[in-house]
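Q: Quick one: this structure, given as structure tokens, is what I'll be asking you about.
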Amino acid sequence: MALIVQKYGGTSVGSVERIQAVAQRVYKTVKAGNSLVVVVSAMGKTTDGLVKLANEISSNPNRREMDMLLSTGEQVTIALLSMALQELGQPAISMTGAQVGIVTEAEHSRARILHIETTRLTRHINAGKVVVVAGFQGTSNAGEMEITTLGRGGSDTSAVAIAAALQANFCEIYTDVPGILTTDPRLVAEAQLMDAITCDEMLELASLGAKVLHPRAVEIARNYGVPLVVRSSWTDAPGTWVTSAKPQGRSLINLEIARPVDAVEFDTDQAKVALLRVPDKPGVAARLFGEICRQKIDVDLIIQSVHEGNSNDIAFTVTAPILKRAEAVAAAIAPALRSPSNPKSDEAEVMVEHNIAKVSIAGAGMIGRPGVAAKMFATLAEAGVNIQMISTSEVKVSCVVDATECDRAVNALRSAFEIEAGGQGAGGRGEAGEAGEAEGAGEDKLILLSPSLPSTDAINRVSLYSSAVRGVALDLNQARLAIRQLPDRPGMAAKLFGLLAQHNISVDMIIQSQRCRVIDGVPRRDIAFTVSRIDGESAKEMLTQVAAELGWGEVVLDSAIAKVSIVGAGMVGQPGVAAKMFGALAEHQINIQMIATSEIKISCVVAQEQGVKALQVIHAAFGLAGSEKFVVPA
Ligand code: ADP
Ligand code: ASP
Ligand code: MG
């Protein structure tokens, strides 16, 4: 007998018939000898409808009242599902987040879960009842009791958190697709179903736009080792397992906020090659990385930044021993990128940097918490370390710094994030903290936590790691901000991202330009980054207001962008992956405005109207399309 948490999303409970079908499934699961907590979303598009009503009354509705309003959607479903179960003769009881004791921060509309009372839940379960819990909501106890919500899509997070708190055997997320697919089947009907995916990969996919799982749900599953499966509520097919490494035995207090960073990592075996002032037109990145791939040169980080005028800088890092070869490729390509009319111009200049190191903080708790990266930058600034390149992913922030400053940077970060010093690897690489022993990108460390569960038999371990790229995601809700002429000295990134964090604005891709210009005796660089579209205008306004005081130039906002990303733990050490992605975009005349990579993802910013096309051509280029077409239920 197992204790199972099941979650049913909006479409799965979208009508009386659907609620009755869910009741049947729940009833069958109980009859098979299991205990059940069921978490539900609001019916169909109820939440969207409530948001629309609020917007008809106010363009900027009060966030407390919004939570009061939106939390009603789930309350309808819990009552109806309990009644449907009782009609089948199954004892059931509905409970709101407050009744369960899902305690959150006092932050309306995006509250994080602090802890979950299990007494009342357990008492009802032991009495043989199915407990039906309202997803997406909680209660804050700071001062007076208030109803909070977790953020759109947050019922997944409620379910996984309840599973963690109850130490359930597993958590099943029932939705309107058969599981996690290589991309959104609404955009590519031939997307293929995956048997399993690692938490790290899913964290990236979810945060880069795949809405099938709320990223914070994946974060909790990873931190607490909750076995998680995504399945269709229409069929009995096994779905997709989200696998995590061994749980770290964390405390259930401050569940979502306890520990944002698990490890500090460093690598001193790095060198950087940059091509400055290359033309801003389709095909440039494809050409460069196509050749890099043909020469079998493995690159680590790649960044491309936007600039005034119509030229870009592209930079990448390699391990020190292959720097010469990488430089030679860049030098060989450069002349072809110069305008034929003016071959002696300063276009496509090759710049090489030998003595650099990469220092990173890693951990699943950074999602939606802009303060974590800001704290890293501030720590480096306090230690007098200048940041040359920044690469961000959902689970890692890496900074390229001068090699001589690596030790100082690592020590400062360890003490700032309270990470014990750990083992030192060979070749100038090392890590400190728990994540080092947890899931390493690219390594086959699949551990199924409940191998005896029926559906896990269906997992095909061969197919799981056969493809370097596992999924493609599109995010149409981002905006790009560029700050011109930011003084190049320690502390600027800390100031900038500290300010954004204070305003609770999460930053995604961050790219500092490679070219440096001296203006008024101060070396300066441009910096560009992406934020959620809803934060774009206010971020621009805020950063413009402080421009004179902090000594930077114009702040430019572009809201008409799309971010398309590929994700896969197997990309490490496969130079052809980036080349293939850039090549697919070039072939379809799609210009790349920005590039940012981490070990397990590559993201490109393109013009908004080309977003869907970009996703489709990349999905096809990696051969991810299957022969079957998916039809998502209406
Ligand atoms: P629910 O209401 O059940 O929570 P959501 O609408 O939040 O469902 O999430 C399911 C949707 O996620 C699917 O209908 C699909 O359009 C979308 N989706 C985006 N990317 C993916 C992906 N990689 N795999 C599966 N579904 C995806
Ligand atoms: N009903 C909420 C929403 O639509 C939460 C959820 O469905 O996960 O965002
Ligand atoms: Mg959802």
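Ligands are numbered from 1 in the order shown, residues from 1 within each chain, and chains are lettered A, B, ... in the order they appear in the structure tokens.
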Might you pull out every residue within 7 Å of region 77-93 of chain A, with only C-alpha atoms counted and same-chain residues fewer than 5 positions away left off, and present them as a count of residues only?
A: 13
Q: Dump as a Markdown table the rows for residues of chain A within 12 Å of ligand 3: closest atom pair and distance in Å with one decimal, only C-alpha atoms and all ligand atoms counted, ordered by chain and rising residue number.
A:
| residue | atom | partner | partner_atom_place_in_ligand_line | distance |
| --- | --- | --- | --- | --- |
| A:Lys7 | CA | ligand 3 | 1 (Mg) | 9.8 |
| A:Tyr8 | CA | ligand 3 | 1 (Mg) | 8.9 |
| A:Gly9 | CA | ligand 3 | 1 (Mg) | 5.9 |
| A:Gly10 | CA | ligand 3 | 1 (Mg) | 7.4 |
| A:Thr11 | CA | ligand 3 | 1 (Mg) | 9.4 |
| A:Ser12 | CA | ligand 3 | 1 (Mg) | 10.5 |
| A:Val40 | CA | ligand 3 | 1 (Mg) | 10.4 |
| A:Ser41 | CA | ligand 3 | 1 (Mg) | 8.3 |
| A:Ala42 | CA | ligand 3 | 1 (Mg) | 10.5 |
| A:Met43 | CA | ligand 3 | 1 (Mg) | 11.9 |
| A:Gly44 | CA | ligand 3 | 1 (Mg) | 10.9 |
| A:Lys45 | CA | ligand 3 | 1 (Mg) | 11.2 |
| A:Thr47 | CA | ligand 3 | 1 (Mg) | 11.5 |
| A:Gly135 | CA | ligand 3 | 1 (Mg) | 10.6 |
| A:Phe136 | CA | ligand 3 | 1 (Mg) | 10.1 |
| A:Gly151 | CA | ligand 3 | 1 (Mg) | 10.7 |
| A:Arg152 | CA | ligand 3 | 1 (Mg) | 7.9 |
| A:Gly153 | CA | ligand 3 | 1 (Mg) | 4.4 |
| A:Gly154 | CA | ligand 3 | 1 (Mg) | 7.1 |
| A:Ser155 | CA | ligand 3 | 1 (Mg) | 6.9 |
| A:Asp156 | CA | ligand 3 | 1 (Mg) | 6.5 |
| A:Thr157 | CA | ligand 3 | 1 (Mg) | 9.5 |
| A:Ser158 | CA | ligand 3 | 1 (Mg) | 11.3 |
| A:Ala159 | CA | ligand 3 | 1 (Mg) | 11.3 |
| A:Ile173 | CA | ligand 3 | 1 (Mg) | 9.1 |
| A:Tyr174 | CA | ligand 3 | 1 (Mg) | 9.5 |
| A:Thr175 | CA | ligand 3 | 1 (Mg) | 7.6 |
| A:Asp176 | CA | ligand 3 | 1 (Mg) | 9.5 |
| A:Val177 | CA | ligand 3 | 1 (Mg) | 11.0 |
| A:Ala206 | CA | ligand 3 | 1 (Mg) | 10.6 |
| A:Gly209 | CA | ligand 3 | 1 (Mg) | 11.8 |
| A:Ala210 | CA | ligand 3 | 1 (Mg) | 9.9 |
| A:Lys211 | CA | ligand 3 | 1 (Mg) | 6.3 |
| A:Val212 | CA | ligand 3 | 1 (Mg) | 5.7 |
| A:Leu213 | CA | ligand 3 | 1 (Mg) | 5.9 |
| A:His214 | CA | ligand 3 | 1 (Mg) | 6.4 |
| A:Pro215 | CA | ligand 3 | 1 (Mg) | 10.2 |
| A:Arg216 | CA | ligand 3 | 1 (Mg) | 11.6 |
| A:Ala217 | CA | ligand 3 | 1 (Mg) | 10.4 |
| A:Val230 | CA | ligand 3 | 1 (Mg) | 10.9 |
Q: Please measure the separation of CA of Asp262 (chain A) and CA of Asn223 (chain A), giving the value in Å to one decimal.
A: 10.1 Å
Q: DSSP on the backbone, strand (DSSP E) only: what residues of region 257-320 of chain A does that give? Format it as number ranges by chain.
A: A: 263-279, 302-305, 311-319
Q: Please produce a file of the residues just selected, as a JSON list (two decimals), in the first residue's frame, where the atoms kept are C-alpha atoms.
A:
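Below is the file that was written, out-v6.json:
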[["chain", "number", "residue", "atom", "x", "y", "z"],
["A", 263, "ALA", "CA", 27.63, 24.49, -3.80],
["A", 264, "VAL", "CA", 30.38, 26.83, -4.94],
["A", 265, "GLU", "CA", 32.31, 25.49, -7.93],
["A", 266, "PHE", "CA", 35.34, 26.71, -9.81],
["A", 267, "ASP", "CA", 37.41, 25.91, -12.87],
["A", 268, "THR", "CA", 40.75, 27.59, -13.48],
["A", 269, "ASP", "CA", 41.47, 25.66, -16.65],
["A", 270, "GLN", "CA", 39.68, 28.16, -18.88],
["A", 271, "ALA", "CA", 40.49, 30.58, -21.68],
["A", 272, "LYS", "CA", 38.32, 32.94, -23.68],
["A", 273, "VAL", "CA", 38.13, 33.80, -27.36],
["A", 274, "ALA", "CA", 36.04, 36.74, -28.54],
["A", 275, "LEU", "CA", 35.18, 38.02, -31.98],
["A", 276, "LEU", "CA", 34.40, 41.71, -31.72],
["A", 277, "ARG", "CA", 32.23, 43.75, -34.07],
["A", 278, "VAL", "CA", 30.82, 41.01, -36.27],
["A", 279, "PRO", "CA", 27.86, 41.84, -38.52],
["A", 302, "ILE", "CA", 28.98, 31.02, -25.41],
["A", 303, "ILE", "CA", 27.63, 34.54, -25.24],
["A", 304, "GLN", "CA", 26.64, 37.03, -27.86],
["A", 305, "SER", "CA", 25.61, 40.52, -26.99],
["A", 311, "SER", "CA", 27.40, 44.73, -34.97],
["A", 312, "ASN", "CA", 27.68, 42.05, -32.31],
["A", 313, "ASP", "CA", 30.38, 40.52, -30.14],
["A", 314, "ILE", "CA", 30.52, 36.75, -29.76],
["A", 315, "ALA", "CA", 32.67, 35.18, -27.08],
["A", 316, "PHE", "CA", 33.21, 31.61, -25.95],
["A", 317, "THR", "CA", 35.32, 29.81, -23.41],
["A", 318, "VAL", "CA", 37.37, 26.66, -23.96],
["A", 319, "THR", "CA", 39.73, 24.68, -21.77]]
Q: Just list the residues in region 535-631 of chain A DSSP gives alpha helix (DSSP H) on the backbone, as a ChimeraX atom specification.
A: /A:535-545,547-550,576-587,611-621
Q: Those same residues, written as a JSON list (two decimals), in the first residue's frame with N, CA and C atoms?
A:
[["chain", "number", "residue", "atom", "x", "y", "z"],
["A", 535, "ASP", "N", 7.71, 43.12, -16.32],
["A", 535, "ASP", "CA", 8.64, 43.94, -15.52],
["A", 535, "ASP", "C", 9.42, 44.93, -16.39],
["A", 536, "GLY", "N", 9.32, 44.80, -17.72],
["A", 536, "GLY", "CA", 10.19, 45.56, -18.64],
["A", 536, "GLY", "C", 10.14, 47.06, -18.44],
["A", 537, "GLU", "N", 8.92, 47.63, -18.51],
["A", 537, "GLU", "CA", 8.78, 49.09, -18.43],
["A", 537, "GLU", "C", 9.26, 49.62, -17.08],
["A", 538, "SER", "N", 8.85, 48.96, -16.00],
["A", 538, "SER", "CA", 9.21, 49.50, -14.68],
["A", 538, "SER", "C", 10.72, 49.36, -14.46],
["A", 539, "ALA", "N", 11.32, 48.28, -14.97],
["A", 539, "ALA", "CA", 12.77, 48.12, -14.82],
["A", 539, "ALA", "C", 13.48, 49.24, -15.58],
["A", 540, "LYS", "N", 13.00, 49.53, -16.79],
["A", 540, "LYS", "CA", 13.63, 50.57, -17.60],
["A", 540, "LYS", "C", 13.56, 51.92, -16.87],
["A", 541, "GLU", "N", 12.38, 52.22, -16.37],
["A", 541, "GLU", "CA", 12.17, 53.49, -15.69],
["A", 541, "GLU", "C", 13.11, 53.61, -14.47],
["A", 542, "MET", "N", 13.13, 52.55, -13.69],
["A", 542, "MET", "CA", 13.93, 52.56, -12.46],
["A", 542, "MET", "C", 15.42, 52.72, -12.79],
["A", 543, "LEU", "N", 15.89, 51.99, -13.81],
["A", 543, "LEU", "CA", 17.32, 52.04, -14.15],
["A", 543, "LEU", "C", 17.70, 53.36, -14.81],
["A", 544, "THR", "N", 16.74, 53.98, -15.51],
["A", 544, "THR", "CA", 17.02, 55.28, -16.12],
["A", 544, "THR", "C", 17.15, 56.35, -15.03],
["A", 545, "GLN", "N", 16.28, 56.23, -14.01],
["A", 545, "GLN", "CA", 16.32, 57.22, -12.93],
["A", 545, "GLN", "C", 17.66, 57.28, -12.22],
["A", 547, "ALA", "N", 20.58, 56.39, -13.59],
["A", 547, "ALA", "CA", 21.68, 56.36, -14.55],
["A", 547, "ALA", "C", 22.76, 57.40, -14.23],
["A", 548, "ALA", "N", 22.33, 58.63, -13.98],
["A", 548, "ALA", "CA", 23.32, 59.69, -13.76],
["A", 548, "ALA", "C", 24.13, 59.40, -12.50],
["A", 549, "GLU", "N", 23.41, 59.01, -11.46],
["A", 549, "GLU", "CA", 24.06, 58.74, -10.17],
["A", 549, "GLU", "C", 25.08, 57.59, -10.28],
["A", 550, "LEU", "N", 24.71, 56.54, -11.02],
["A", 550, "LEU", "CA", 25.61, 55.38, -11.09],
["A", 550, "LEU", "C", 26.55, 55.43, -12.29],
["A", 576, "GLY", "N", 29.05, 20.01, -31.53],
["A", 576, "GLY", "CA", 28.13, 20.17, -32.65],
["A", 576, "GLY", "C", 26.76, 20.67, -32.28],
["A", 577, "VAL", "N", 26.42, 20.63, -31.01],
["A", 577, "VAL", "CA", 25.05, 20.99, -30.63],
["A", 577, "VAL", "C", 24.76, 22.46, -30.90],
["A", 578, "ALA", "N", 25.65, 23.33, -30.43],
["A", 578, "ALA", "CA", 25.44, 24.77, -30.65],
["A", 578, "ALA", "C", 25.42, 25.07, -32.15],
["A", 579, "ALA", "N", 26.37, 24.46, -32.87],
["A", 579, "ALA", "CA", 26.46, 24.71, -34.31],
["A", 579, "ALA", "C", 25.16, 24.33, -35.01],
["A", 580, "LYS", "N", 24.59, 23.22, -34.59],
["A", 580, "LYS", "CA", 23.35, 22.77, -35.24],
["A", 580, "LYS", "C", 22.20, 23.74, -34.96],
["A", 581, "MET", "N", 22.13, 24.22, -33.73],
["A", 581, "MET", "CA", 21.06, 25.15, -33.39],
["A", 581, "MET", "C", 21.20, 26.46, -34.19],
["A", 582, "PHE", "N", 22.41, 27.01, -34.19],
["A", 582, "PHE", "CA", 22.63, 28.28, -34.91],
["A", 582, "PHE", "C", 22.43, 28.06, -36.42],
["A", 583, "GLY", "N", 22.85, 26.89, -36.90],
["A", 583, "GLY", "CA", 22.72, 26.57, -38.33],
["A", 583, "GLY", "C", 21.26, 26.51, -38.76],
["A", 584, "ALA", "N", 20.42, 25.91, -37.90],
["A", 584, "ALA", "CA", 19.00, 25.80, -38.25],
["A", 584, "ALA", "C", 18.38, 27.20, -38.35],
["A", 585, "LEU", "N", 18.78, 28.09, -37.44],
["A", 585, "LEU", "CA", 18.22, 29.45, -37.47],
["A", 585, "LEU", "C", 18.72, 30.19, -38.71],
["A", 586, "ALA", "N", 20.01, 30.01, -39.03],
["A", 586, "ALA", "CA", 20.58, 30.71, -40.19],
["A", 586, "ALA", "C", 19.91, 30.25, -41.48],
["A", 587, "GLU", "N", 19.69, 28.95, -41.57],
["A", 587, "GLU", "CA", 19.09, 28.40, -42.79],
["A", 587, "GLU", "C", 17.72, 29.03, -43.06],
["A", 611, "GLY", "N", 9.57, 33.72, -33.31],
["A", 611, "GLY", "CA", 9.75, 32.79, -32.20],
["A", 611, "GLY", "C", 9.24, 31.37, -32.49],
["A", 612, "VAL", "N", 7.98, 31.29, -32.94],
["A", 612, "VAL", "CA", 7.39, 29.97, -33.16],
["A", 612, "VAL", "C", 8.13, 29.22, -34.26],
["A", 613, "LYS", "N", 8.44, 29.95, -35.33],
["A", 613, "LYS", "CA", 9.19, 29.35, -36.44],
["A", 613, "LYS", "C", 10.55, 28.85, -35.94],
["A", 614, "ALA", "N", 11.21, 29.67, -35.12],
["A", 614, "ALA", "CA", 12.52, 29.28, -34.59],
["A", 614, "ALA", "C", 12.41, 27.98, -33.80],
["A", 615, "LEU", "N", 11.39, 27.90, -32.97],
["A", 615, "LEU", "CA", 11.18, 26.67, -32.18],
["A", 615, "LEU", "C", 10.99, 25.48, -33.12],
["A", 616, "GLN", "N", 10.16, 25.66, -34.14],
["A", 616, "GLN", "CA", 9.86, 24.54, -35.04],
["A", 616, "GLN", "C", 11.09, 24.07, -35.81],
["A", 617, "VAL", "N", 11.90, 25.01, -36.30],
["A", 617, "VAL", "CA", 13.05, 24.57, -37.12],
["A", 617, "VAL", "C", 14.12, 23.93, -36.24],
["A", 618, "ILE", "N", 14.24, 24.41, -35.01],
["A", 618, "ILE", "CA", 15.24, 23.80, -34.11],
["A", 618, "ILE", "C", 14.78, 22.39, -33.71],
["A", 619, "HIS", "N", 13.51, 22.25, -33.40],
["A", 619, "HIS", "CA", 12.98, 20.94, -33.02],
["A", 619, "HIS", "C", 13.22, 19.94, -34.17],
["A", 620, "ALA", "N", 13.00, 20.40, -35.39],
["A", 620, "ALA", "CA", 13.20, 19.52, -36.55],
["A", 620, "ALA", "C", 14.69, 19.22, -36.74],
["A", 621, "ALA", "N", 15.53, 20.24, -36.58],
["A", 621, "ALA", "CA", 16.97, 20.06, -36.84],
["A", 621, "ALA", "C", 17.57, 18.98, -35.93]]
Q: Any idea what's packed within 8 Å of region 166-171 of chain A, counting only C-alpha atoms, ignoring anything in its chain fewer than 3 positions away? Could you give it as an MDAnalysis selection string?
A: chainID A and resid 2:7 118 159:160 162:163 226:229 450
Q: Write the residues you've just listed into a file as a JSON list (two decimals), in the first residue's frame, and include C-alpha atoms for each of them.
A:
[["chain", "number", "residue", "atom", "x", "y", "z"],
["A", 2, "ALA", "CA", 1.31, 3.39, -0.97],
["A", 3, "LEU", "CA", 0.56, 6.97, 0.00],
["A", 4, "ILE", "CA", 0.08, 8.87, -3.24],
["A", 5, "VAL", "CA", -0.49, 12.56, -3.96],
["A", 6, "GLN", "CA", -2.36, 13.13, -7.24],
["A", 7, "LYS", "CA", -2.81, 16.55, -8.83],
["A", 118, "THR", "CA", 0.37, 17.31, 8.31],
["A", 159, "ALA", "CA", 1.04, 18.92, -4.79],
["A", 160, "VAL", "CA", 4.78, 18.23, -4.69],
["A", 162, "ILE", "CA", 2.38, 18.11, 0.18],
["A", 163, "ALA", "CA", 4.05, 14.92, -1.10],
["A", 226, "VAL", "CA", 10.00, 13.27, -4.36],
["A", 227, "PRO", "CA", 9.38, 10.75, -7.16],
["A", 228, "LEU", "CA", 7.30, 12.69, -9.68],
["A", 229, "VAL", "CA", 5.40, 11.57, -12.77],
["A", 450, "SER", "CA", 10.85, 3.97, -6.20]]
Q: Contacts of region 237-239 of chain A at 6 Å or less, counting only C-alpha atoms, minus same-chain residues fewer than 2 places along, as a list in words?
A: Pro178, Gly179, Val230, Arg231, Thr235 and Ser455 of chain A
Q: Give me, as a ChimeraX atom specification, all polymer residues having an atom no more than 12 Å from region 53-69 of chain A, counting only C-alpha atoms and skipping those fewer than 2 positions away in the same chain.
A: /A:42,46-51,71-75,106-111,136-140,145-152
Q: So, counting only C-alpha atoms, which residue among A:Asp200, A:Asp346, A:Glu256, A:Ser207 is closest to Ala362 (chain A)?
A: A:Asp200
Q: List the neighbours of Gly225 (chain A) out to 7 Å using only C-alpha atoms; skip same-chain residues closer than 4 positions along the sequence, and give me the result as a list in words.
A: Ala221, Ser244, Ala245, Lys246 and Pro247 of chain A
Q: Compile the contact shell of Arg250 (chain A) as a VMD selection string: residues with an atom at most 9 Å away, counting only C-alpha atoms, same-chain residues fewer than 5 positions apart removed.
A: chain A and resid 223 to 224 255 258
Q: Those same residues, written as an mmCIF file, in the first residue's frame with C-alpha atoms?
A:
data_model
loop_
_atom_site.group_PDB
_atom_site.id
_atom_site.type_symbol
_atom_site.label_atom_id
_atom_site.label_comp_id
_atom_site.auth_asym_id
_atom_site.auth_seq_id
_atom_site.Cartn_x
_atom_site.Cartn_y
_atom_site.Cartn_z
ATOM 1 C CA ASN A 223 15.441 19.026 -3.087
ATOM 2 C CA TYR A 224 13.349 16.441 -1.258
ATOM 3 C CA LEU A 255 10.446 24.346 2.670
ATOM 4 C CA ALA A 258 15.692 27.244 3.223
#
Q: Just checking: using only C-alpha atoms, which residue out of A:Ile592, A:Met509, A:Val261, A:Val632 ends up closest to Ala285 (chain A)?
A: A:Ile592
Q: So, counting only C-alpha atoms, which residue among A:Glu204, A:Asp475, A:Glu349, A:Glu554 is closest to Arg533 (chain A)?
A: A:Asp475
Q: Hey, which of A:Ser398, A:Thr404, A:Thr597, A:Ser565 ends up closest to ligand 1? Count only C-alpha atoms and all ligand atoms.
A: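 Selected residue with least distance to ligand 1: A:Ser565.
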Q: Taking into account only C-alpha atoms, which residue in the set A:Ala21, A:Leu323, A:Val350, A:Leu252 is nearest to Trp234 (chain A)?
A: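 With only C-alpha atoms as the atom set, the closest residue is A:Ala21.
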Q: Considering only C-alpha atoms, state which residue in the set A:Ala373, A:Val572, A:Val385, A:Val518 is at the smallest distance from Gly498 (chain A).
A: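 Checking each candidate against Gly498 (chain A), we get A:Ala373 as the closest.
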